[in-house]
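Engineer: Just passing along the structure, written as structure tokens.
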Amino acid sequence: METSRLARLVVAVVGGLSLALGVTGFAHADPTPGEIEKQIDDKWNTIEPVIEQHNQLKLQLAANQAKVKQLNDQIAPLKAQVDAAFDKVSAFAVMQYKTGRVSKLDAMLTTGSPDTFVDQMTLLNMVAKDEQAKIKDVLTAKQQYEELKAPIDKLVAEQDAQEKALASQETQINADIKTLQDMRMQAYGNNAGTGSLAPVACPQQYDGSPGAKAAQVACKQIGKKYVWATEGPNTFDCSGLTMYSWKQVGVSYLRHYTMWQFEDTKRVSRADLKPGDLVFFYSDKHHVGLYVGNGWMVHAPNPSKPVQMKKIDEYPISGYGRVA
């Protein structure tokens, strides 16, 4: 009897393992949101240097554009001199054309060297000395013009190539992050909320950036009590929560007052909102929440309600701020 029961138990266990392992013979589990977030963090560490290079290039472009303008300002009168010089020899050019000697003049004007040209001119007795001087002026001005223009062309070409390369890298990495973010939301399920305080996954968007990490910190405070003039770790008021969340990711300049935080941040539009951005409410901006994506924020509402998620449109919005 015992032997029979043991046999049935072994069969049941083996059968269960077969179902768990599947046809490949190995157990398989979909990655958790936390595991996917780790992949996103790694991807963010790849894109951040690219973003910084982009920022550096933009500063260099601004400086170089100032140089380009300066060079163009120098070239403008020089080009006018070239045009004027050619006007002076136009009559001579017509005469050369009529006498069949235009090819010699053309050769002179394309030597590229005023000194070489002068040597050639000594062989052309039919050209008066004053005409020689005029044409030499043309070549001198032309050479100066080209010497100034060449570095401009080179600079623009190099910066254009750099811009395209960085833009391509940034586009690809952002696409990879979006794919991981889509996987992350699938792993959470339909809503993955934990109740009325967090009815959906928090944060709603995650890309591994400092803003997304600040949003993560805010999400972890959900359920904690509102206490006026506190900034964590156990109780918060509205600006104390945003200040605390950013402080945990290394930003310490946000001050504990909504209007000061409005001053401490950069203005952005609603269309450009990203996780970690601050959303200010009411005309006097006496309330603030931390944006966590897809129209949701985490905020500390008032003494009667704990820290919770809320749609930003449930309050009168008066501005948006980005922590630089």
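Ligands are numbered from 1 in the order shown, chains are lettered A, B, ... in the order of the structure tokens, and residues start at 1 in each chain.
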Name the residues in contact with range 293-310 of chain A at a cut-off of 9 Å, using only C-alpha atoms, excluding same-chain residues fewer than 3 positions from it; report them as a PDB file with N, CA, C and O atoms, in the first residue's frame.
Structural biologist:
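Generated file (result26.pdb):
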```
ATOM      1  N   SER A 196      -6.512  52.493  -4.063  1.00  0.00           N
ATOM      2  CA  SER A 196      -6.970  53.818  -4.467  1.00  0.00           C
ATOM      3  C   SER A 196      -5.853  54.856  -4.481  1.00  0.00           C
ATOM      4  O   SER A 196      -5.911  55.826  -5.242  1.00  0.00           O
ATOM      5  N   LEU A 197      -4.813  54.666  -3.660  1.00  0.00           N
ATOM      6  CA  LEU A 197      -3.723  55.644  -3.605  1.00  0.00           C
ATOM      7  C   LEU A 197      -2.791  55.514  -4.814  1.00  0.00           C
ATOM      8  O   LEU A 197      -2.143  56.488  -5.200  1.00  0.00           O
ATOM      9  N   ALA A 198      -2.711  54.322  -5.372  1.00  0.00           N
ATOM     10  CA  ALA A 198      -1.876  54.078  -6.556  1.00  0.00           C
ATOM     11  C   ALA A 198      -2.646  53.165  -7.499  1.00  0.00           C
ATOM     12  O   ALA A 198      -2.394  51.966  -7.561  1.00  0.00           O
ATOM     13  N   PRO A 199      -3.619  53.715  -8.228  1.00  0.00           N
ATOM     14  CA  PRO A 199      -4.485  52.879  -9.069  1.00  0.00           C
ATOM     15  C   PRO A 199      -3.808  52.304 -10.309  1.00  0.00           C
ATOM     16  O   PRO A 199      -4.353  51.404 -10.939  1.00  0.00           O
ATOM     17  N   VAL A 200      -2.630  52.827 -10.680  1.00  0.00           N
ATOM     18  CA  VAL A 200      -1.890  52.318 -11.839  1.00  0.00           C
ATOM     19  C   VAL A 200      -0.429  52.171 -11.450  1.00  0.00           C
ATOM     20  O   VAL A 200       0.002  52.597 -10.376  1.00  0.00           O
ATOM     21  N   CYS A 202       3.376  52.769 -10.947  1.00  0.00           N
ATOM     22  CA  CYS A 202       4.052  54.018 -10.621  1.00  0.00           C
ATOM     23  C   CYS A 202       5.569  53.780 -10.537  1.00  0.00           C
ATOM     24  O   CYS A 202       5.992  52.898  -9.783  1.00  0.00           O
ATOM     25  N   PRO A 203       6.383  54.503 -11.328  1.00  0.00           N
ATOM     26  CA  PRO A 203       5.969  55.525 -12.286  1.00  0.00           C
ATOM     27  C   PRO A 203       5.382  54.914 -13.550  1.00  0.00           C
ATOM     28  O   PRO A 203       5.643  53.763 -13.871  1.00  0.00           O
ATOM     29  N   GLN A 204       4.609  55.709 -14.259  1.00  0.00           N
ATOM     30  CA  GLN A 204       3.997  55.234 -15.496  1.00  0.00           C
ATOM     31  C   GLN A 204       5.012  55.118 -16.631  1.00  0.00           C
ATOM     32  O   GLN A 204       4.869  54.285 -17.503  1.00  0.00           O
ATOM     33  N   GLN A 205       6.016  55.964 -16.599  1.00  0.00           N
ATOM     34  CA  GLN A 205       7.077  55.932 -17.610  1.00  0.00           C
ATOM     35  C   GLN A 205       8.425  55.887 -16.905  1.00  0.00           C
ATOM     36  O   GLN A 205       8.613  56.530 -15.877  1.00  0.00           O
ATOM     37  N   TYR A 206       9.332  55.100 -17.468  1.00  0.00           N
ATOM     38  CA  TYR A 206      10.654  54.974 -16.843  1.00  0.00           C
ATOM     39  C   TYR A 206      11.711  54.807 -17.924  1.00  0.00           C
ATOM     40  O   TYR A 206      11.599  53.928 -18.772  1.00  0.00           O
ATOM     41  N   ALA A 215      11.071  60.160  -9.856  1.00  0.00           N
ATOM     42  CA  ALA A 215       9.679  59.701  -9.872  1.00  0.00           C
ATOM     43  C   ALA A 215       9.542  58.386  -9.106  1.00  0.00           C
ATOM     44  O   ALA A 215       8.568  58.180  -8.370  1.00  0.00           O
ATOM     45  N   ALA A 218       9.453  59.168  -5.460  1.00  0.00           N
ATOM     46  CA  ALA A 218       8.147  59.702  -5.070  1.00  0.00           C
ATOM     47  C   ALA A 218       7.113  58.591  -4.955  1.00  0.00           C
ATOM     48  O   ALA A 218       6.300  58.576  -4.027  1.00  0.00           O
ATOM     49  N   CYS A 219       7.150  57.648  -5.902  1.00  0.00           N
ATOM     50  CA  CYS A 219       6.193  56.536  -5.879  1.00  0.00           C
ATOM     51  C   CYS A 219       6.322  55.717  -4.587  1.00  0.00           C
ATOM     52  O   CYS A 219       5.322  55.214  -4.047  1.00  0.00           O
ATOM     53  N   GLN A 221       6.901  56.745  -1.739  1.00  0.00           N
ATOM     54  CA  GLN A 221       6.398  57.468  -0.565  1.00  0.00           C
ATOM     55  C   GLN A 221       4.875  57.404  -0.457  1.00  0.00           C
ATOM     56  O   GLN A 221       4.298  57.910   0.510  1.00  0.00           O
ATOM     57  N   ILE A 222       4.225  56.782  -1.455  1.00  0.00           N
ATOM     58  CA  ILE A 222       2.769  56.709  -1.460  1.00  0.00           C
ATOM     59  C   ILE A 222       2.269  56.040  -0.182  1.00  0.00           C
ATOM     60  O   ILE A 222       2.781  54.997   0.231  1.00  0.00           O
ATOM     61  N   GLY A 223       1.288  56.660   0.428  1.00  0.00           N
ATOM     62  CA  GLY A 223       0.706  56.136   1.658  1.00  0.00           C
ATOM     63  C   GLY A 223       1.203  56.837   2.911  1.00  0.00           C
ATOM     64  O   GLY A 223       0.586  56.733   3.980  1.00  0.00           O
ATOM     65  N   LYS A 224       2.317  57.572   2.804  1.00  0.00           N
ATOM     66  CA  LYS A 224       2.843  58.281   3.976  1.00  0.00           C
ATOM     67  C   LYS A 224       2.007  59.533   4.256  1.00  0.00           C
ATOM     68  O   LYS A 224       1.398  60.113   3.365  1.00  0.00           O
ATOM     69  N   LYS A 225       2.014  59.960   5.500  1.00  0.00           N
ATOM     70  CA  LYS A 225       1.147  61.047   5.938  1.00  0.00           C
ATOM     71  C   LYS A 225       1.634  62.418   5.469  1.00  0.00           C
ATOM     72  O   LYS A 225       2.824  62.654   5.295  1.00  0.00           O
ATOM     73  N   TYR A 226       0.649  63.308   5.286  1.00  0.00           N
ATOM     74  CA  TYR A 226       0.936  64.714   5.035  1.00  0.00           C
ATOM     75  C   TYR A 226       1.087  65.410   6.381  1.00  0.00           C
ATOM     76  O   TYR A 226       0.216  65.335   7.230  1.00  0.00           O
ATOM     77  N   VAL A 227       2.202  66.070   6.558  1.00  0.00           N
ATOM     78  CA  VAL A 227       2.416  66.931   7.728  1.00  0.00           C
ATOM     79  C   VAL A 227       3.050  68.213   7.224  1.00  0.00           C
ATOM     80  O   VAL A 227       4.085  68.182   6.547  1.00  0.00           O
ATOM     81  N   TRP A 228       2.433  69.335   7.540  1.00  0.00           N
ATOM     82  CA  TRP A 228       2.889  70.625   7.045  1.00  0.00           C
ATOM     83  C   TRP A 228       4.337  70.895   7.440  1.00  0.00           C
ATOM     84  O   TRP A 228       4.777  70.568   8.537  1.00  0.00           O
ATOM     85  N   THR A 235       7.119  61.780   6.784  1.00  0.00           N
ATOM     86  CA  THR A 235       5.969  62.639   6.500  1.00  0.00           C
ATOM     87  C   THR A 235       6.410  63.743   5.539  1.00  0.00           C
ATOM     88  O   THR A 235       7.590  64.099   5.476  1.00  0.00           O
ATOM     89  N   PHE A 236       5.420  64.290   4.814  1.00  0.00           N
ATOM     90  CA  PHE A 236       5.731  65.296   3.796  1.00  0.00           C
ATOM     91  C   PHE A 236       4.621  66.328   3.680  1.00  0.00           C
ATOM     92  O   PHE A 236       3.449  66.022   3.953  1.00  0.00           O
ATOM     93  N   ASP A 237       5.001  67.534   3.241  1.00  0.00           N
ATOM     94  CA  ASP A 237       4.018  68.410   2.626  1.00  0.00           C
ATOM     95  C   ASP A 237       4.336  68.405   1.122  1.00  0.00           C
ATOM     96  O   ASP A 237       5.250  67.694   0.685  1.00  0.00           O
ATOM     97  N   CYS A 238       3.599  69.184   0.318  1.00  0.00           N
ATOM     98  CA  CYS A 238       3.725  69.012  -1.141  1.00  0.00           C
ATOM     99  C   CYS A 238       5.128  69.350  -1.653  1.00  0.00           C
ATOM    100  O   CYS A 238       5.728  68.566  -2.399  1.00  0.00           O
ATOM    101  N   SER A 239       5.677  70.503  -1.277  1.00  0.00           N
ATOM    102  CA  SER A 239       7.010  70.863  -1.760  1.00  0.00           C
ATOM    103  C   SER A 239       8.097  70.073  -1.049  1.00  0.00           C
ATOM    104  O   SER A 239       9.197  69.884  -1.600  1.00  0.00           O
ATOM    105  N   GLY A 240       7.787  69.572   0.161  1.00  0.00           N
ATOM    106  CA  GLY A 240       8.733  68.705   0.856  1.00  0.00           C
ATOM    107  C   GLY A 240       8.909  67.379   0.131  1.00  0.00           C
ATOM    108  O   GLY A 240      10.012  66.832   0.060  1.00  0.00           O
ATOM    109  N   LEU A 241       7.824  66.868  -0.472  1.00  0.00           N
ATOM    110  CA  LEU A 241       7.879  65.601  -1.210  1.00  0.00           C
ATOM    111  C   LEU A 241       8.721  65.750  -2.480  1.00  0.00           C
ATOM    112  O   LEU A 241       9.569  64.900  -2.778  1.00  0.00           O
ATOM    113  N   THR A 242       8.475  66.810  -3.249  1.00  0.00           N
ATOM    114  CA  THR A 242       9.235  67.004  -4.487  1.00  0.00           C
ATOM    115  C   THR A 242      10.714  67.253  -4.169  1.00  0.00           C
ATOM    116  O   THR A 242      11.606  66.744  -4.857  1.00  0.00           O
ATOM    117  N   LEU A 273       6.433  67.329 -21.149  1.00  0.00           N
ATOM    118  CA  LEU A 273       6.557  66.796 -19.793  1.00  0.00           C
ATOM    119  C   LEU A 273       7.235  65.428 -19.774  1.00  0.00           C
ATOM    120  O   LEU A 273       6.943  64.564 -20.603  1.00  0.00           O
ATOM    121  N   LYS A 274       8.132  65.249 -18.796  1.00  0.00           N
ATOM    122  CA  LYS A 274       8.816  63.985 -18.582  1.00  0.00           C
ATOM    123  C   LYS A 274       8.728  63.623 -17.107  1.00  0.00           C
ATOM    124  O   LYS A 274       8.559  64.505 -16.255  1.00  0.00           O
ATOM    125  N   PRO A 275       8.860  62.323 -16.772  1.00  0.00           N
ATOM    126  CA  PRO A 275       8.878  61.945 -15.363  1.00  0.00           C
ATOM    127  C   PRO A 275       9.937  62.737 -14.597  1.00  0.00           C
ATOM    128  O   PRO A 275      11.050  62.935 -15.079  1.00  0.00           O
ATOM    129  N   GLY A 276       9.553  63.203 -13.417  1.00  0.00           N
ATOM    130  CA  GLY A 276      10.455  64.015 -12.607  1.00  0.00           C
ATOM    131  C   GLY A 276      10.159  65.492 -12.696  1.00  0.00           C
ATOM    132  O   GLY A 276      10.573  66.269 -11.830  1.00  0.00           O
ATOM    133  N   LEU A 278       8.109  68.975 -12.399  1.00  0.00           N
ATOM    134  CA  LEU A 278       7.196  69.463 -11.371  1.00  0.00           C
ATOM    135  C   LEU A 278       5.998  70.128 -12.043  1.00  0.00           C
ATOM    136  O   LEU A 278       6.148  70.832 -13.037  1.00  0.00           O
ATOM    137  N   VAL A 279       4.825  69.872 -11.485  1.00  0.00           N
ATOM    138  CA  VAL A 279       3.603  70.489 -11.992  1.00  0.00           C
ATOM    139  C   VAL A 279       3.050  71.377 -10.886  1.00  0.00           C
ATOM    140  O   VAL A 279       2.843  70.921  -9.748  1.00  0.00           O
ATOM    141  N   HIS A 287       0.519  74.832  -4.686  1.00  0.00           N
ATOM    142  CA  HIS A 287       0.579  73.371  -4.621  1.00  0.00           C
ATOM    143  C   HIS A 287       1.445  72.857  -5.765  1.00  0.00           C
ATOM    144  O   HIS A 287       1.488  73.429  -6.855  1.00  0.00           O
ATOM    145  N   VAL A 288       2.156  71.739  -5.514  1.00  0.00           N
ATOM    146  CA  VAL A 288       3.036  71.165  -6.524  1.00  0.00           C
ATOM    147  C   VAL A 288       3.009  69.647  -6.425  1.00  0.00           C
ATOM    148  O   VAL A 288       2.836  69.083  -5.338  1.00  0.00           O
ATOM    149  N   GLY A 289       3.126  68.986  -7.567  1.00  0.00           N
ATOM    150  CA  GLY A 289       3.221  67.529  -7.614  1.00  0.00           C
ATOM    151  C   GLY A 289       4.375  67.125  -8.514  1.00  0.00           C
ATOM    152  O   GLY A 289       4.897  67.936  -9.286  1.00  0.00           O
ATOM    153  N   LEU A 290       4.786  65.859  -8.425  1.00  0.00           N
ATOM    154  CA  LEU A 290       5.889  65.354  -9.243  1.00  0.00           C
ATOM    155  C   LEU A 290       5.323  64.438 -10.324  1.00  0.00           C
ATOM    156  O   LEU A 290       4.672  63.437 -10.019  1.00  0.00           O
ATOM    157  N   ASP A 313      -4.833  66.735 -14.278  1.00  0.00           N
ATOM    158  CA  ASP A 313      -5.945  67.586 -14.710  1.00  0.00           C
ATOM    159  C   ASP A 313      -7.029  67.740 -13.648  1.00  0.00           C
ATOM    160  O   ASP A 313      -7.994  68.486 -13.857  1.00  0.00           O
ATOM    161  N   GLU A 314      -6.881  67.067 -12.518  1.00  0.00           N
ATOM    162  CA  GLU A 314      -7.883  67.206 -11.459  1.00  0.00           C
ATOM    163  C   GLU A 314      -7.674  68.481 -10.647  1.00  0.00           C
ATOM    164  O   GLU A 314      -8.462  68.795  -9.760  1.00  0.00           O
TER     165      GLU A 314
END
```
Engineer: Skip Asn64 in chain A itself and residues of its chain fewer than 2 positions away, then list as number ranges by chain all residues within 12 Å of it, counting only C-alpha atoms.
Structural biologist: A: 57-62, 66-71, 151-156, 158-159
Engineer: Could you state the separation of CA of Glu52 in chain A and CA of His256 in chain A in Å, given to one decimal place?
Structural biologist: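 Interatomic distance here is 29.1 Å.
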Engineer: I want to know what sits within 12 Å of range 178-189 of chain A, based on only C-alpha atoms, with residues of the same chain fewer than 6 positions away left out; could you give that as a PDB file with C-alpha atoms, in the first residue's frame?
Structural biologist:
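The result, stored in result-v6.pdb:
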```
ATOM      1  CA  ALA A  29       9.807  33.161 -16.213  1.00  0.00           C
ATOM      2  CA  ASP A  30       9.066  36.508 -17.786  1.00  0.00           C
ATOM      3  CA  PRO A  31      11.259  39.332 -16.480  1.00  0.00           C
ATOM      4  CA  THR A  32       9.815  41.338 -13.610  1.00  0.00           C
ATOM      5  CA  PRO A  33       9.314  45.122 -13.856  1.00  0.00           C
ATOM      6  CA  GLY A  34      12.334  45.549 -11.583  1.00  0.00           C
ATOM      7  CA  GLU A  35      14.522  43.422 -13.854  1.00  0.00           C
ATOM      8  CA  ILE A  36      13.411  45.393 -16.890  1.00  0.00           C
ATOM      9  CA  GLU A  37      14.089  48.656 -15.035  1.00  0.00           C
ATOM     10  CA  LYS A  38      17.632  47.410 -14.419  1.00  0.00           C
ATOM     11  CA  GLN A  39      18.026  46.925 -18.188  1.00  0.00           C
ATOM     12  CA  ILE A  40      16.647  50.418 -18.746  1.00  0.00           C
ATOM     13  CA  ASP A  41      19.153  51.802 -16.212  1.00  0.00           C
ATOM     14  CA  ASP A  42      21.981  50.145 -18.126  1.00  0.00           C
ATOM     15  CA  LYS A  43      20.653  51.586 -21.391  1.00  0.00           C
ATOM     16  CA  TRP A  44      20.363  55.038 -19.808  1.00  0.00           C
ATOM     17  CA  THR A 171      17.498  57.990 -31.769  1.00  0.00           C
ATOM     18  CA  GLN A 172      18.486  54.303 -31.633  1.00  0.00           C
ATOM     19  CA  VAL A 200      -1.890  52.318 -11.839  1.00  0.00           C
ATOM     20  CA  ALA A 201       1.770  51.362 -12.088  1.00  0.00           C
ATOM     21  CA  CYS A 202       4.052  54.018 -10.621  1.00  0.00           C
ATOM     22  CA  PRO A 203       5.969  55.525 -12.286  1.00  0.00           C
ATOM     23  CA  GLN A 204       3.997  55.234 -15.496  1.00  0.00           C
ATOM     24  CA  GLN A 205       7.077  55.932 -17.610  1.00  0.00           C
ATOM     25  CA  TYR A 206      10.654  54.974 -16.843  1.00  0.00           C
ATOM     26  CA  ASP A 207      13.796  55.583 -18.896  1.00  0.00           C
ATOM     27  CA  GLY A 208      16.546  55.382 -16.285  1.00  0.00           C
ATOM     28  CA  ALA A 212      12.591  58.849 -13.772  1.00  0.00           C
ATOM     29  CA  GLY A 293       4.083  59.921 -16.813  1.00  0.00           C
ATOM     30  CA  ASN A 294       0.878  59.470 -18.838  1.00  0.00           C
TER      31      ASN A 294
END
```
Engineer: Give me, as a ChimeraX atom specification, the residues of range 186-306 of chain A that a backbone DSSP run labels helix (DSSP H, G or I).
Structural biologist: /A:186-188,210-220,238-247,258-264,270-272
Engineer: Apply DSSP to the backbone of this structure and, from range 196-238 of chain A, keep only the residues in strand (DSSP E or B); write these as an MDAnalysis selection string.
Structural biologist: chainID A and resid 198:200 225:226 231 235:236
Engineer: Applying 8 Å and only C-alpha atoms, which residues near range 259-268 of chain A remain after dropping the ones on its own chain fewer than 4 positions away? List them as a list in words.
Structural biologist: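 Once the nearby chain positions are removed, what remains is Ser239, Tyr253, Leu254, Arg255, Asp272, Leu273, Phe280, Lys285, His286, Gly319, Tyr320, Gly321, Arg322, Val323 and Ala324 of chain A.
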Engineer: Can you write out the residues you just picked, keeping N, CA, C and O atoms, as a compact mmCIF listing (two decimals), in the first residue's frame?
Structural biologist:
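Output below, filename out.txt:
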```
# COMPACT_ATOMS: atom_id res chain seq x y z
N SER A 239 5.68 70.50 -1.28
CA SER A 239 7.01 70.86 -1.76
C SER A 239 8.10 70.07 -1.05
O SER A 239 9.20 69.88 -1.60
N TYR A 253 19.42 71.58 -4.80
CA TYR A 253 19.16 73.02 -4.85
C TYR A 253 17.67 73.39 -4.81
O TYR A 253 17.31 74.56 -4.73
N LEU A 254 16.79 72.40 -4.91
CA LEU A 254 15.36 72.71 -4.77
C LEU A 254 15.07 73.16 -3.35
O LEU A 254 15.46 72.50 -2.39
N ARG A 255 14.38 74.28 -3.23
CA ARG A 255 14.08 74.82 -1.90
C ARG A 255 12.67 74.46 -1.47
O ARG A 255 11.80 74.18 -2.29
N ASP A 272 5.95 68.59 -23.54
CA ASP A 272 7.32 68.14 -23.28
C ASP A 272 7.51 67.51 -21.91
O ASP A 272 8.63 67.20 -21.51
N LEU A 273 6.43 67.33 -21.15
CA LEU A 273 6.56 66.80 -19.79
C LEU A 273 7.23 65.43 -19.77
O LEU A 273 6.94 64.56 -20.60
N PHE A 280 2.82 72.65 -11.22
CA PHE A 280 2.36 73.63 -10.23
C PHE A 280 0.88 73.93 -10.47
O PHE A 280 0.41 73.94 -11.61
N LYS A 285 0.32 79.32 -7.29
CA LYS A 285 1.25 78.17 -7.28
C LYS A 285 1.52 77.66 -5.86
O LYS A 285 2.66 77.34 -5.49
N HIS A 286 0.45 77.51 -5.10
CA HIS A 286 0.65 77.07 -3.71
C HIS A 286 0.66 75.55 -3.57
O HIS A 286 0.81 75.04 -2.45
N GLY A 319 1.54 75.90 -14.24
CA GLY A 319 2.88 75.90 -14.80
C GLY A 319 3.58 74.56 -14.65
O GLY A 319 3.15 73.70 -13.87
N TYR A 320 4.67 74.42 -15.40
CA TYR A 320 5.46 73.19 -15.36
C TYR A 320 6.92 73.57 -15.18
O TYR A 320 7.38 74.58 -15.72
N GLY A 321 7.67 72.74 -14.44
CA GLY A 321 9.08 73.04 -14.21
C GLY A 321 9.96 71.82 -14.36
O GLY A 321 9.58 70.73 -13.92
N ARG A 322 11.12 72.01 -14.99
CA ARG A 322 12.08 70.91 -15.14
C ARG A 322 13.30 71.16 -14.29
O ARG A 322 13.89 72.25 -14.34
N VAL A 323 13.70 70.15 -13.54
CA VAL A 323 14.90 70.23 -12.73
C VAL A 323 16.09 70.01 -13.67
O VAL A 323 16.20 68.97 -14.31
N ALA A 324 16.95 71.01 -13.79
CA ALA A 324 18.04 70.95 -14.77
C ALA A 324 19.12 69.97 -14.33
O ALA A 324 19.29 69.73 -13.15
```
